[in-house]
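Novice: Pasting target19.cif here (mmCIF, C-alpha atoms and all ligand atoms):
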data_run
#
loop_
_atom_site.label_atom_id
_atom_site.label_comp_id
_atom_site.auth_asym_id
_atom_site.auth_seq_id
_atom_site.Cartn_x
_atom_site.Cartn_y
_atom_site.Cartn_z
CA MET A 772 157.49 -97.95 -12.22
CA ASN A 773 154.22 -98.38 -10.36
CA LEU A 774 152.65 -99.65 -13.49
CA ASN A 775 155.48 -102.09 -14.04
CA ARG A 776 155.13 -103.44 -10.57
CA ARG A 777 151.39 -103.83 -11.02
CA HIS A 778 151.99 -105.63 -14.25
CA LEU A 779 154.48 -107.88 -12.60
CA ALA A 780 152.12 -108.65 -9.75
CA ALA A 781 149.37 -109.45 -12.22
CA ALA A 782 151.69 -111.69 -14.18
CA VAL A 783 152.75 -113.51 -11.05
CA ALA A 784 149.13 -113.94 -9.98
CA LEU A 785 148.25 -115.30 -13.39
CA THR A 786 151.17 -117.69 -13.35
CA LEU A 787 150.26 -118.89 -9.89
CA ALA A 788 146.62 -119.34 -10.86
CA ALA A 789 147.67 -121.34 -13.89
CA ALA A 790 150.24 -123.31 -12.00
CA THR A 791 148.17 -124.21 -8.98
CA PRO A 792 145.97 -126.89 -10.52
CA LEU A 793 149.06 -128.31 -12.21
CA ALA A 794 151.24 -128.30 -9.13
CA GLY A 795 151.83 -132.03 -9.39
CA PHE A 796 153.46 -131.46 -12.75
CA ALA A 797 156.08 -129.04 -11.54
CA ALA A 798 158.81 -131.20 -13.06
CA ASP A 799 157.10 -130.80 -16.44
CA ILE A 800 157.66 -127.05 -16.43
CA LYS A 801 161.39 -127.15 -15.74
CA PRO A 802 163.21 -129.69 -17.91
CA ARG A 803 165.50 -132.15 -16.17
CA LEU A 804 169.03 -131.18 -17.02
CA ILE A 805 171.50 -134.04 -17.34
CA ARG A 806 175.17 -133.09 -17.34
CA PHE A 807 176.76 -136.05 -19.16
CA GLY A 808 180.56 -136.04 -19.02
CA TYR A 809 183.05 -138.11 -20.99
CA GLY A 810 186.78 -138.19 -21.67
CA LEU A 811 187.28 -138.40 -25.42
CA ASN A 812 186.61 -135.81 -28.13
CA GLU A 813 183.21 -135.09 -29.59
CA GLN A 814 184.51 -136.62 -32.86
CA SER A 815 185.11 -140.08 -31.40
CA ASN A 816 183.11 -143.26 -31.00
CA GLN A 817 182.42 -142.14 -27.43
CA GLY A 818 181.27 -138.66 -28.44
CA ARG A 819 179.04 -139.96 -31.23
CA ALA A 820 177.32 -142.43 -28.92
CA VAL A 821 176.73 -139.82 -26.21
CA LYS A 822 174.99 -137.74 -28.89
CA VAL A 823 172.80 -140.72 -29.83
CA PHE A 824 171.94 -141.16 -26.14
CA ALA A 825 171.14 -137.45 -25.76
CA ASP A 826 168.87 -137.40 -28.81
CA ALA A 827 167.03 -140.54 -27.67
CA VAL A 828 166.39 -139.08 -24.20
CA GLU A 829 165.16 -135.74 -25.54
CA LYS A 830 162.88 -137.44 -28.04
CA ALA A 831 161.41 -140.01 -25.65
CA SER A 832 160.78 -137.37 -22.98
CA GLY A 833 159.28 -134.87 -25.42
CA GLY A 834 162.04 -132.42 -24.50
CA LYS A 835 161.38 -132.65 -20.76
CA MET A 836 164.76 -134.26 -20.16
CA LYS A 837 167.74 -132.48 -21.67
CA VAL A 838 171.24 -133.90 -21.96
CA ARG A 839 174.17 -131.52 -21.95
CA ALA A 840 177.05 -133.60 -23.35
CA ILE A 841 180.42 -132.43 -22.05
CA GLY A 842 183.40 -134.21 -23.64
CA ALA A 843 187.19 -133.98 -23.67
CA ALA A 844 187.30 -134.43 -19.88
CA ALA A 845 186.09 -130.84 -19.44
CA LEU A 846 184.38 -132.03 -16.23
CA GLY A 847 187.58 -133.77 -15.14
CA PRO A 848 189.09 -137.23 -15.57
CA ASP A 849 187.01 -140.37 -14.99
CA THR A 850 187.81 -140.64 -11.27
CA GLN A 851 186.80 -137.04 -10.61
CA MET A 852 183.51 -137.44 -12.48
CA GLN A 853 182.75 -140.64 -10.55
CA GLN A 854 183.05 -138.68 -7.30
CA ALA A 855 180.88 -135.87 -8.67
CA LEU A 856 178.20 -138.44 -9.52
CA ILE A 857 178.38 -140.00 -6.05
CA GLY A 858 178.08 -136.56 -4.47
CA GLY A 859 175.22 -135.57 -6.77
CA ALA A 860 177.06 -132.63 -8.39
CA GLN A 861 176.85 -134.27 -11.84
CA GLU A 862 174.16 -136.56 -13.23
CA MET A 863 175.82 -138.88 -15.75
CA MET A 864 179.07 -139.97 -17.38
CA VAL A 865 180.64 -142.67 -19.50
CA GLY A 866 184.15 -143.90 -18.82
CA SER A 867 186.38 -146.90 -18.39
CA THR A 868 185.45 -149.64 -15.95
CA ALA A 869 189.20 -149.79 -15.20
CA THR A 870 189.15 -146.46 -13.37
CA LEU A 871 186.19 -147.61 -11.25
CA VAL A 872 188.05 -150.33 -9.35
CA GLY A 873 188.78 -148.01 -6.42
CA ILE A 874 185.03 -147.77 -5.86
CA THR A 875 183.85 -151.23 -6.95
CA LYS A 876 186.65 -153.80 -6.81
CA GLU A 877 184.69 -156.35 -8.89
CA MET A 878 185.19 -154.11 -11.94
CA ALA A 879 188.78 -155.43 -12.03
CA LEU A 880 187.37 -158.53 -13.65
CA TRP A 881 187.31 -156.66 -16.97
CA ASP A 882 191.01 -155.86 -16.66
CA THR A 883 192.00 -159.53 -16.95
CA PRO A 884 194.39 -159.81 -19.91
CA PHE A 885 193.06 -161.90 -22.82
CA LEU A 886 189.78 -162.59 -20.98
CA VAL A 887 187.69 -162.60 -24.16
CA ASN A 888 188.68 -163.41 -27.74
CA ASN A 889 186.26 -161.23 -29.67
CA GLY A 890 183.44 -158.72 -29.47
CA LYS A 891 180.76 -161.38 -29.51
CA GLU A 892 182.17 -163.01 -26.38
CA ALA A 893 182.55 -159.60 -24.74
CA ASP A 894 178.91 -158.66 -25.43
CA ALA A 895 177.61 -162.00 -24.15
CA LEU A 896 179.69 -161.79 -20.98
CA LEU A 897 178.99 -158.12 -20.21
CA ASP A 898 175.27 -158.21 -21.01
CA GLY A 899 174.79 -161.61 -19.36
CA PRO A 900 174.51 -162.59 -15.68
CA VAL A 901 178.18 -161.92 -14.81
CA GLY A 902 178.22 -158.41 -16.26
CA GLN A 903 174.93 -157.61 -14.58
CA LYS A 904 176.15 -158.97 -11.25
CA VAL A 905 179.20 -156.71 -11.35
CA MET A 906 177.03 -153.74 -12.30
CA ALA A 907 174.69 -154.50 -9.40
CA LYS A 908 177.57 -153.75 -7.01
CA LEU A 909 177.44 -150.06 -7.94
CA PRO A 910 174.30 -148.73 -6.18
CA GLU A 911 175.68 -149.40 -2.68
CA LYS A 912 178.51 -147.05 -3.67
CA GLY A 913 176.22 -144.29 -4.91
CA LEU A 914 176.28 -145.11 -8.64
CA VAL A 915 173.86 -146.75 -11.05
CA GLY A 916 175.26 -148.54 -14.11
CA LEU A 917 173.04 -148.50 -17.21
CA ALA A 918 175.08 -150.21 -19.95
CA TYR A 919 178.50 -151.37 -21.03
CA TRP A 920 179.79 -149.79 -24.20
CA GLU A 921 182.80 -150.96 -26.19
CA ASN A 922 186.09 -149.19 -25.67
CA GLY A 923 187.76 -152.12 -27.40
CA PHE A 924 190.81 -154.33 -27.68
CA ARG A 925 193.89 -152.43 -26.61
CA ASN A 926 197.09 -152.07 -28.59
CA LEU A 927 200.48 -150.59 -27.84
CA THR A 928 201.99 -147.42 -29.27
CA ASN A 929 205.32 -145.76 -28.51
CA SER A 930 207.81 -143.27 -29.86
CA LYS A 931 211.01 -145.31 -29.38
CA HIS A 932 211.02 -148.44 -31.52
CA PRO A 933 208.74 -151.23 -32.76
CA VAL A 934 207.74 -153.74 -30.10
CA ASN A 935 208.21 -157.12 -31.77
CA LYS A 936 209.06 -159.09 -28.69
CA LEU A 937 208.66 -158.75 -24.93
CA GLU A 938 212.21 -157.51 -24.43
CA ASP A 939 211.45 -154.50 -26.62
CA LEU A 940 209.30 -153.17 -23.79
CA ASN A 941 212.28 -152.90 -21.46
CA GLY A 942 212.89 -149.31 -20.52
CA ILE A 943 209.82 -147.96 -22.30
CA LYS A 944 208.01 -145.49 -20.11
CA LEU A 945 204.45 -146.54 -20.68
CA ARG A 946 201.37 -144.71 -19.51
CA VAL A 947 198.70 -147.03 -18.07
CA MET A 948 195.26 -146.29 -16.65
CA GLN A 949 194.97 -145.66 -12.93
CA ASN A 950 194.43 -149.32 -12.18
CA ASN A 951 196.63 -151.90 -10.46
CA VAL A 952 195.96 -154.76 -12.87
CA PHE A 953 197.22 -152.61 -15.77
CA LEU A 954 200.14 -151.38 -13.70
CA ASP A 955 201.15 -154.92 -12.69
CA SER A 956 200.56 -156.30 -16.18
CA PHE A 957 202.97 -153.89 -17.84
CA LYS A 958 205.53 -154.09 -15.08
CA THR A 959 205.42 -157.86 -15.51
CA LEU A 960 206.04 -157.41 -19.22
CA GLY A 961 209.09 -155.29 -18.45
CA ALA A 962 207.85 -151.78 -19.21
CA ASN A 963 208.31 -148.84 -16.91
CA ALA A 964 204.58 -148.40 -16.29
CA VAL A 965 203.27 -145.04 -15.07
CA PRO A 966 199.60 -144.44 -14.16
CA LEU A 967 198.14 -141.22 -15.57
CA PRO A 968 194.61 -139.97 -16.23
CA PHE A 969 193.62 -140.05 -19.90
CA SER A 970 193.12 -136.28 -19.93
CA GLU A 971 196.86 -135.80 -19.39
CA LEU A 972 197.98 -138.39 -21.89
CA PHE A 973 198.36 -136.46 -25.12
CA SER A 974 200.60 -133.81 -23.60
CA ALA A 975 202.58 -136.44 -21.67
CA LEU A 976 203.30 -138.17 -24.98
CA GLU A 977 204.03 -134.90 -26.72
CA THR A 978 206.50 -133.67 -24.12
CA GLY A 979 208.11 -137.08 -23.76
CA THR A 980 207.08 -137.46 -20.11
CA VAL A 981 206.08 -140.95 -21.27
CA ASP A 982 207.16 -142.86 -24.38
CA GLY A 983 204.07 -144.88 -25.03
CA GLN A 984 200.54 -145.89 -24.14
CA GLU A 985 197.96 -148.54 -24.97
CA ASN A 986 194.44 -148.01 -26.26
CA PRO A 987 192.11 -149.29 -28.99
CA PHE A 988 192.73 -148.19 -32.60
CA ASN A 989 189.67 -145.92 -32.43
CA THR A 990 191.13 -143.86 -29.60
CA ILE A 991 194.62 -143.73 -31.12
CA LEU A 992 192.90 -142.19 -34.13
CA SER A 993 190.32 -139.88 -32.49
CA SER A 994 192.82 -138.57 -29.92
CA LYS A 995 195.42 -138.00 -32.64
CA PHE A 996 198.08 -140.05 -30.86
CA TYR A 997 199.55 -140.73 -34.31
CA GLU A 998 200.88 -137.16 -34.19
CA VAL A 999 203.12 -138.02 -31.25
CA GLN A 1000 203.62 -141.79 -31.59
CA LYS A 1001 205.50 -143.50 -34.39
CA TYR A 1002 205.13 -147.22 -33.62
CA LEU A 1003 201.97 -149.25 -33.22
CA SER A 1004 202.17 -152.89 -32.17
CA VAL A 1005 199.02 -154.94 -32.56
CA THR A 1006 198.78 -156.85 -29.28
CA ASN A 1007 195.04 -156.98 -28.45
CA HIS A 1008 196.16 -157.70 -24.89
CA VAL A 1009 192.89 -156.86 -23.19
CA TYR A 1010 189.31 -155.92 -24.03
CA SER A 1011 188.23 -152.71 -22.30
CA PRO A 1012 184.60 -151.84 -21.70
CA TRP A 1013 183.19 -148.40 -21.00
CA ILE A 1014 180.30 -148.07 -18.60
CA VAL A 1015 177.43 -145.56 -18.62
CA LEU A 1016 176.92 -144.32 -15.07
CA VAL A 1017 174.24 -142.30 -13.28
CA SER A 1018 174.42 -140.54 -9.93
CA LYS A 1019 172.32 -142.67 -7.57
CA LYS A 1020 171.47 -139.60 -5.52
CA TRP A 1021 169.91 -138.03 -8.62
CA TRP A 1022 168.49 -141.32 -10.00
CA ASP A 1023 166.41 -141.70 -6.83
CA THR A 1024 164.66 -138.38 -7.52
CA LEU A 1025 163.43 -139.57 -10.94
CA SER A 1026 160.03 -141.07 -11.65
CA LYS A 1027 159.83 -144.66 -12.91
CA ASP A 1028 159.00 -143.28 -16.37
CA GLU A 1029 162.06 -141.04 -16.38
CA GLN A 1030 164.28 -143.93 -15.28
CA LYS A 1031 162.89 -146.06 -18.06
CA ILE A 1032 163.64 -143.36 -20.64
CA LEU A 1033 167.28 -143.37 -19.52
CA MET A 1034 167.52 -147.17 -19.50
CA ASP A 1035 166.02 -147.46 -22.99
CA ALA A 1036 168.30 -144.74 -24.36
CA ALA A 1037 171.31 -146.43 -22.78
CA ALA A 1038 170.44 -149.73 -24.48
CA ALA A 1039 169.88 -148.03 -27.85
CA SER A 1040 173.11 -146.05 -27.62
CA ARG A 1041 175.00 -149.21 -26.59
CA ASP A 1042 173.89 -151.05 -29.71
CA TYR A 1043 174.75 -148.06 -31.87
CA GLU A 1044 178.11 -147.56 -30.16
CA ARG A 1045 179.28 -151.16 -30.49
CA LYS A 1046 178.49 -151.24 -34.18
CA ASP A 1047 180.05 -147.84 -34.82
CA THR A 1048 183.18 -148.78 -32.85
CA ARG A 1049 183.62 -152.07 -34.70
CA ASP A 1050 183.08 -150.44 -38.10
CA GLU A 1051 185.62 -147.76 -37.26
CA ALA A 1052 188.15 -150.20 -35.77
CA GLY A 1053 188.04 -152.19 -39.01
CA LYS A 1054 189.18 -149.15 -40.98
CA ALA A 1055 191.35 -147.44 -38.38
CA LEU A 1056 194.52 -149.44 -38.93
CA ALA A 1057 194.71 -148.41 -42.59
CA GLU A 1058 194.07 -144.81 -41.59
CA LEU A 1059 196.76 -144.87 -38.92
CA LYS A 1060 199.17 -146.25 -41.47
CA ALA A 1061 198.21 -143.48 -43.87
CA LYS A 1062 198.90 -140.99 -41.06
CA GLY A 1063 202.44 -142.31 -40.95
CA MET A 1064 202.43 -144.84 -38.14
CA GLN A 1065 204.68 -147.86 -38.51
CA ILE A 1066 202.58 -150.91 -37.66
CA ASN A 1067 203.65 -154.40 -36.69
CA GLU A 1068 201.79 -157.49 -35.58
CA LEU A 1069 203.23 -159.70 -32.89
CA SER A 1070 204.19 -163.17 -34.11
CA PRO A 1071 202.07 -166.02 -32.69
CA ALA A 1072 205.08 -167.19 -30.67
CA GLU A 1073 205.56 -163.75 -29.10
CA THR A 1074 201.85 -163.40 -28.41
CA ALA A 1075 201.99 -166.75 -26.62
CA ARG A 1076 204.95 -165.55 -24.53
CA MET A 1077 203.09 -162.39 -23.60
CA ARG A 1078 199.97 -164.35 -22.77
CA ASP A 1079 201.94 -166.75 -20.63
CA LYS A 1080 203.54 -163.93 -18.63
CA LEU A 1081 200.23 -162.17 -18.19
CA THR A 1082 198.30 -165.20 -16.96
CA ARG A 1083 200.37 -164.76 -13.79
CA ILE A 1084 198.24 -161.68 -13.21
CA ASN A 1085 195.06 -163.74 -13.18
CA ALA A 1086 195.47 -165.13 -9.66
CA GLY A 1087 195.69 -161.59 -8.32
CA VAL A 1088 192.55 -160.52 -10.19
CA ALA A 1089 190.70 -163.61 -8.95
CA ALA A 1090 191.67 -162.90 -5.33
CA ASN A 1091 190.59 -159.30 -5.77
CA VAL A 1092 187.17 -159.86 -7.28
CA GLY A 1093 186.49 -163.01 -5.25
CA MET A 1094 186.98 -166.64 -6.23
CA ASP A 1095 183.23 -167.23 -6.68
CA LEU A 1096 182.88 -164.45 -9.24
CA TRP A 1097 186.08 -165.56 -10.97
CA ASN A 1098 184.86 -169.17 -11.29
CA GLU A 1099 181.43 -168.06 -12.41
CA THR A 1100 183.09 -165.96 -15.13
CA GLN A 1101 185.16 -168.88 -16.38
CA ALA A 1102 182.08 -171.12 -16.44
CA GLU A 1103 180.07 -168.47 -18.25
CA LEU A 1104 182.84 -168.02 -20.83
CA ALA A 1105 182.95 -171.77 -21.42
CA ARG A 1106 179.17 -171.73 -21.89
CA ILE A 1107 179.34 -168.78 -24.30
CA ARG A 1108 182.08 -170.50 -26.33
CA THR A 1109 180.21 -173.76 -26.73
CA SER A 1110 176.83 -172.15 -27.44
CA LYS A 1111 177.83 -170.37 -30.64
C1 LIG B 1 188.51 -142.02 -21.58
C2 LIG B 1 189.28 -143.22 -21.02
C3 LIG B 1 189.92 -144.04 -22.13
C4 LIG B 1 190.73 -145.20 -21.58
C5 LIG B 1 192.08 -144.74 -21.08
O1 LIG B 1 188.05 -141.23 -20.55
O2 LIG B 1 192.13 -144.02 -20.08
O3 LIG B 1 193.10 -145.10 -21.67
O4 LIG B 1 190.91 -146.19 -22.57
O5 LIG B 1 188.92 -144.52 -22.97
O6 LIG B 1 188.38 -144.01 -20.29
#
What is this file in structure tokens?
Ligand code: TK8

Specialist:
Amino acid sequence: MNLNRRHLAAAVALTLAAATPLAGFAADIKPRLIRFGYGLNEQSNQGRAVKVFADAVEKASGGKMKVRAIGAAALGPDTQMQQALIGGAQEMMVGSTATLVGITKEMALWDTPFLVNNGKEADALLDGPVGQKVMAKLPEKGLVGLAYWENGFRNLTNSKHPVNKLEDLNGIKLRVMQNNVFLDSFKTLGANAVPLPFSELFSALETGTVDGQENPFNTILSSKFYEVQKYLSVTNHVYSPWIVLVSKKWWDTLSKDEQKILMDAAAASRDYERKDTRDEAGKALAELKAKGMQINELSPAETARMRDKLTRINAGVAANVGMDLWNETQAELARIRTSK
């Protein structure tokens, strides 16, 4: 016992002696642990990209920064994780911009139906001055945005009947994200829209609490919604981004080098994620069909009717995000469209 204690004391003394001249490098001894939460499964475009981010951070930091990826909403739905980041109880997450509007109202810009026509326009808008301006609104709320990833163009599924025309939405109990633009959009289209966190969606569909939902093909596939949804209507009614977020409280404790490692990894994972998502989306429809879903495309006339109804939402979005930002977005989109 005595001997043990002596040994221990000697070991402590040795450690202290070794540590003293290196005191400035204390952070080097204990790796930075990054709890990175997300909502989808590990086997999804979101999960794969978080893994790419984690590997890039560990590699660039020589193992001094470690990412613990926690998927399937195990740390809670988007809104709960956002609060954990603000409070400093969690370091990072990726989730929908749509669930962030309660914190940063300008994020509602991305909820505008039919805002962009394709991925190229989305990338240019999000990575350009408008996207960066919206992201720059986050730090005053306790969050730092690092990159927009692609969630994708959203499409409708339900368990009742095919949606070929607007009237087919009447009476369908449709889950929407916790976001007023989505709620108003689907009420306007005639559905019985119900906001629910994504983490509750599968079981809500399974038990019939709701009849339908809307998400990109990738998510319909990775979350196995085909098991509980028969009909898929290709509507592409809105492009949804995801956003990679950091707790500002924690961010401010990092060195410039550590911040740069995270920014570089976010950019690399964004490029990987967009490509992976687009590749998968291109194949997903055939897979969903093979899984037994009945798929229909809306006729151009019906798409035009839907578009027309939904443009009534635009004025509300514009008022919400501010007329200046709205006009800047329209001008930027016009510029993007002519410069290709
Ligand atoms: C995942 C969600 C999801 C979103 C939704 O956490 O809630 O429908 O599309 O991707 O952010």

Novice: Here is a test: counting only C-alpha atoms and all ligand atoms, which residue of A:Gly902, A:Pro884, A:Pro802, A:Pro1012 is nearest to ligand LIG 1 (chain B)?

Specialist: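 Closest to ligand LIG 1 (chain B), using only C-alpha atoms and all ligand atoms: A:Pro1012.
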
Novice: Grab the atom CA of A:Gln1030 to atom CA of A:Trp920 distance for me, in Å with one decimal place.

Specialist: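 For atom CA of A:Gln1030 relative to atom CA of A:Trp920, the distance reads 18.8 Å.
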
Novice: May I ask for the distance between atom CA of A:Ile1084 and atom CA of A:Val952, given in Å to one decimal place?

Specialist: 7.3 Å

Novice: In Å, how far is it from atom CA of A:Pro910 to atom CA of A:Ala1036?

Specialist: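 If I compute the distance from atom CA of A:Pro910 to atom CA of A:Ala1036, I get 19.6 Å.
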
Novice: Report as a list of chain:residue names all protein, DNA and RNA residues lying within 8 Å of A:Met864, evaluated on only C-alpha atoms, omitting residues in the same chain fewer than 3 positions from it.

Specialist: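 In the requested form, the answer reads A:Arg806, A:Phe807, A:Gly808, A:Tyr809, A:Met852, A:Gln853, A:Val1015, A:Leu1016, A:Val1017.
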
Novice: So which one's closest to A:Val905, A:Gln854, A:Asn926, A:Ser1004, A:Thr1100? Using all atoms listed in the file, please.

Specialist: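 Of A:Gln854, A:Asn926, A:Ser1004, A:Thr1100, the one nearest A:Val905, counting all atoms listed in the file, is A:Thr1100.
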
Novice: A:Gly833, A:Gly866, A:Pro966, A:Gly858: which is nearest ligand LIG 1 (chain B), counting all atoms listed in the file?

Specialist: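 Result for the nearest residue to ligand LIG 1 (chain B): A:Gly866.
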
Novice: When distances are computed from only C-alpha atoms and all ligand atoms, which of A:Asp1047, A:Asp898, A:Glu813, A:Glu862 shows the smallest separation from ligand LIG 1 (chain B)?

Specialist: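 Closest to ligand LIG 1 (chain B), using only C-alpha atoms and all ligand atoms: A:Glu813.
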
Novice: Looking at only C-alpha atoms, which of A:Ser956, A:Asn989, A:Pro900, A:Gly983 is the one that sits closest to A:Arg1049?

Specialist: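 Closest candidate: A:Asn989.
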
Novice: Point out the residue among A:Pro1071, A:Gly1063, A:Pro987, A:Gly942 with the least atom-to-atom distance to ligand LIG 1 (chain B), counting all atoms listed in the file.

Specialist: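 Among the listed residues, the smallest separation from ligand LIG 1 (chain B) belongs to A:Pro987.
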
Novice: Determine, counting all atoms listed in the file, which protein, DNA and RNA residues have an atom within 10 Å of an atom of A:Asn888; residues of the same chain fewer than 5 positions away are not included. Present the result as a list in words.

Specialist: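 Once the adjacent positions are removed, what remains is Ala893, Phe924, Asn1007, His1008, Val1009, Tyr1010 and Arg1108 of chain A.
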
Novice: Quick one: everything within 10 Å of A:Ser867, counting only C-alpha atoms, minus sequence neighbours fewer than 5 positions away in the same chain. Send it as a PDB file with C-alpha atoms, in the frame of the given file.

Specialist:
ATOM      1  CA  TYR A 809     183.050-138.110 -20.990  1.00  0.00           C
ATOM      2  CA  GLY A 810     186.780-138.190 -21.670  1.00  0.00           C
ATOM      3  CA  ASP A 849     187.010-140.370 -14.990  1.00  0.00           C
ATOM      4  CA  THR A 850     187.810-140.640 -11.270  1.00  0.00           C
ATOM      5  CA  VAL A 872     188.050-150.330  -9.350  1.00  0.00           C
ATOM      6  CA  MET A 878     185.190-154.110 -11.940  1.00  0.00           C
ATOM      7  CA  TRP A 881     187.310-156.660 -16.970  1.00  0.00           C
ATOM      8  CA  TYR A 919     178.500-151.370 -21.030  1.00  0.00           C
ATOM      9  CA  TRP A 920     179.790-149.790 -24.200  1.00  0.00           C
ATOM     10  CA  GLU A 921     182.800-150.960 -26.190  1.00  0.00           C
ATOM     11  CA  ASN A 922     186.090-149.190 -25.670  1.00  0.00           C
ATOM     12  CA  MET A 948     195.260-146.290 -16.650  1.00  0.00           C
ATOM     13  CA  SER A1011     188.230-152.710 -22.300  1.00  0.00           C
ATOM     14  CA  PRO A1012     184.600-151.840 -21.700  1.00  0.00           C
ATOM     15  CA  TRP A1013     183.190-148.400 -21.000  1.00  0.00           C
ATOM     16  CA  ILE A1014     180.300-148.070 -18.600  1.00  0.00           C
ATOM     17  CA  VAL A1015     177.430-145.560 -18.620  1.00  0.00           C
TER      18      VAL A1015
END

Novice: Would you list the residues near (198.9, -160.0, -22.1) (no more than 12 Å away, in the coordinates of the file, using all atoms listed in the file) as a PyMOL selection string?

Specialist: chain A and resi 882-887+924-927+937+952-953+955-961+985+1005-1010+1069+1073-1085

Novice: Please determine an axis-aligned box that encloses all atoms of stretch 819-831 of chain A listed in the file, with 8 Å added on each side, and express its centre and edge lengths in Å to one decimal as AutoDock Vina command-line options.

Specialist:
--center_x 170.2 --center_y -139.1 --center_z -27.7 --size_x 33.6 --size_y 22.7 --size_z 23.0

Novice: Just want the 12 Å neighbourhood of A:Asp1050, counted on all atoms listed in the file, with same-chain residues fewer than 3 positions away dropped. Output as a list in words.

Specialist: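 What passes the distance filter is Asn816, Gly890, Glu921, Gly923, Phe988, Asn989, Tyr1043, Glu1044, Arg1045, Lys1046, Asp1047, Gly1053, Lys1054, Ala1055 and Leu1056 of chain A.
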
Novice: Find the residues near A:Glu829: any atom within 12 Å, counting all atoms listed in the file, skip ones fewer than 2 places away on the same chain, and give them as a list in words.

Specialist: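 My reading of the contact set: Pro802, Arg803, Leu804, Ile805, Lys822, Val823, Phe824, Ala825, Asp826, Ala827, Ala831, Ser832, Gly833, Gly834, Lys835, Met836, Lys837, Val838, Arg839, Glu1029, Ile1032, Leu1033 and Ala1036 of chain A.
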
Novice: Within 9 Å of (187.0, -135.2, -27.0), only C-alpha atoms: residues as a PDB file with C-alpha atoms, in the coordinates of the input?

Specialist:
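File out_17.pdb, as written:
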ATOM      1  CA  TYR A 809     183.050-138.110 -20.990  1.00  0.00           C
ATOM      2  CA  GLY A 810     186.780-138.190 -21.670  1.00  0.00           C
ATOM      3  CA  LEU A 811     187.280-138.400 -25.420  1.00  0.00           C
ATOM      4  CA  ASN A 812     186.610-135.810 -28.130  1.00  0.00           C
ATOM      5  CA  GLU A 813     183.210-135.090 -29.590  1.00  0.00           C
ATOM      6  CA  GLN A 814     184.510-136.620 -32.860  1.00  0.00           C
ATOM      7  CA  SER A 815     185.110-140.080 -31.400  1.00  0.00           C
ATOM      8  CA  GLN A 817     182.420-142.140 -27.430  1.00  0.00           C
ATOM      9  CA  GLY A 818     181.270-138.660 -28.440  1.00  0.00           C
ATOM     10  CA  ILE A 841     180.420-132.430 -22.050  1.00  0.00           C
ATOM     11  CA  GLY A 842     183.400-134.210 -23.640  1.00  0.00           C
ATOM     12  CA  ALA A 843     187.190-133.980 -23.670  1.00  0.00           C
ATOM     13  CA  ALA A 844     187.300-134.430 -19.880  1.00  0.00           C
ATOM     14  CA  ALA A 845     186.090-130.840 -19.440  1.00  0.00           C
ATOM     15  CA  SER A 993     190.320-139.880 -32.490  1.00  0.00           C
ATOM     16  CA  SER A 994     192.820-138.570 -29.920  1.00  0.00           C
TER      17      SER A 994
END

Novice: Since the input is missing atoms for stretch 800-811 of chain A, could you rebuild it with N, CA and C atoms and give the result as a PDB file, in the coordinates of the input?

Specialist:
ATOM      1  N   ILE A 800     157.418-128.436 -16.030  1.00  0.00           N
ATOM      2  CA  ILE A 800     157.660-127.050 -16.430  1.00  0.00           C
ATOM      3  C   ILE A 800     159.159-126.829 -16.601  1.00  0.00           C
ATOM      4  N   LYS A 801     159.940-127.328 -15.678  1.00  0.00           N
ATOM      5  CA  LYS A 801     161.390-127.150 -15.740  1.00  0.00           C
ATOM      6  C   LYS A 801     162.004-128.460 -16.245  1.00  0.00           C
ATOM      7  N   PRO A 802     162.658-128.422 -17.428  1.00  0.00           N
ATOM      8  CA  PRO A 802     163.210-129.690 -17.910  1.00  0.00           C
ATOM      9  C   PRO A 802     164.314-130.212 -17.006  1.00  0.00           C
ATOM     10  N   ARG A 803     164.408-131.513 -16.922  1.00  0.00           N
ATOM     11  CA  ARG A 803     165.500-132.150 -16.170  1.00  0.00           C
ATOM     12  C   ARG A 803     166.778-131.950 -16.959  1.00  0.00           C
ATOM     13  N   LEU A 804     167.755-131.377 -16.329  1.00  0.00           N
ATOM     14  CA  LEU A 804     169.030-131.180 -17.020  1.00  0.00           C
ATOM     15  C   LEU A 804     170.015-132.268 -16.603  1.00  0.00           C
ATOM     16  N   ILE A 805     170.561-132.951 -17.594  1.00  0.00           N
ATOM     17  CA  ILE A 805     171.500-134.040 -17.340  1.00  0.00           C
ATOM     18  C   ILE A 805     172.878-133.633 -17.842  1.00  0.00           C
ATOM     19  N   ARG A 806     173.782-133.380 -16.927  1.00  0.00           N
ATOM     20  CA  ARG A 806     175.170-133.090 -17.340  1.00  0.00           C
ATOM     21  C   ARG A 806     175.866-134.436 -17.527  1.00  0.00           C
ATOM     22  N   PHE A 807     176.217-134.736 -18.793  1.00  0.00           N
ATOM     23  CA  PHE A 807     176.760-136.050 -19.160  1.00  0.00           C
ATOM     24  C   PHE A 807     178.220-135.860 -19.586  1.00  0.00           C
ATOM     25  N   GLY A 808     179.137-136.253 -18.735  1.00  0.00           N
ATOM     26  CA  GLY A 808     180.560-136.040 -19.020  1.00  0.00           C
ATOM     27  C   GLY A 808     181.230-137.258 -19.623  1.00  0.00           C
ATOM     28  N   TYR A 809     182.237-137.007 -20.442  1.00  0.00           N
ATOM     29  CA  TYR A 809     183.050-138.110 -20.990  1.00  0.00           C
ATOM     30  C   TYR A 809     184.449-137.598 -21.338  1.00  0.00           C
ATOM     31  N   GLY A 810     185.366-138.552 -21.564  1.00  0.00           N
ATOM     32  CA  GLY A 810     186.780-138.190 -21.670  1.00  0.00           C
ATOM     33  C   GLY A 810     187.314-137.911 -23.053  1.00  0.00           C
ATOM     34  N   LEU A 811     186.735-138.554 -24.067  1.00  0.00           N
ATOM     35  CA  LEU A 811     187.280-138.400 -25.420  1.00  0.00           C
ATOM     36  C   LEU A 811     186.690-137.159 -26.107  1.00  0.00           C
TER      37      LEU A 811
END
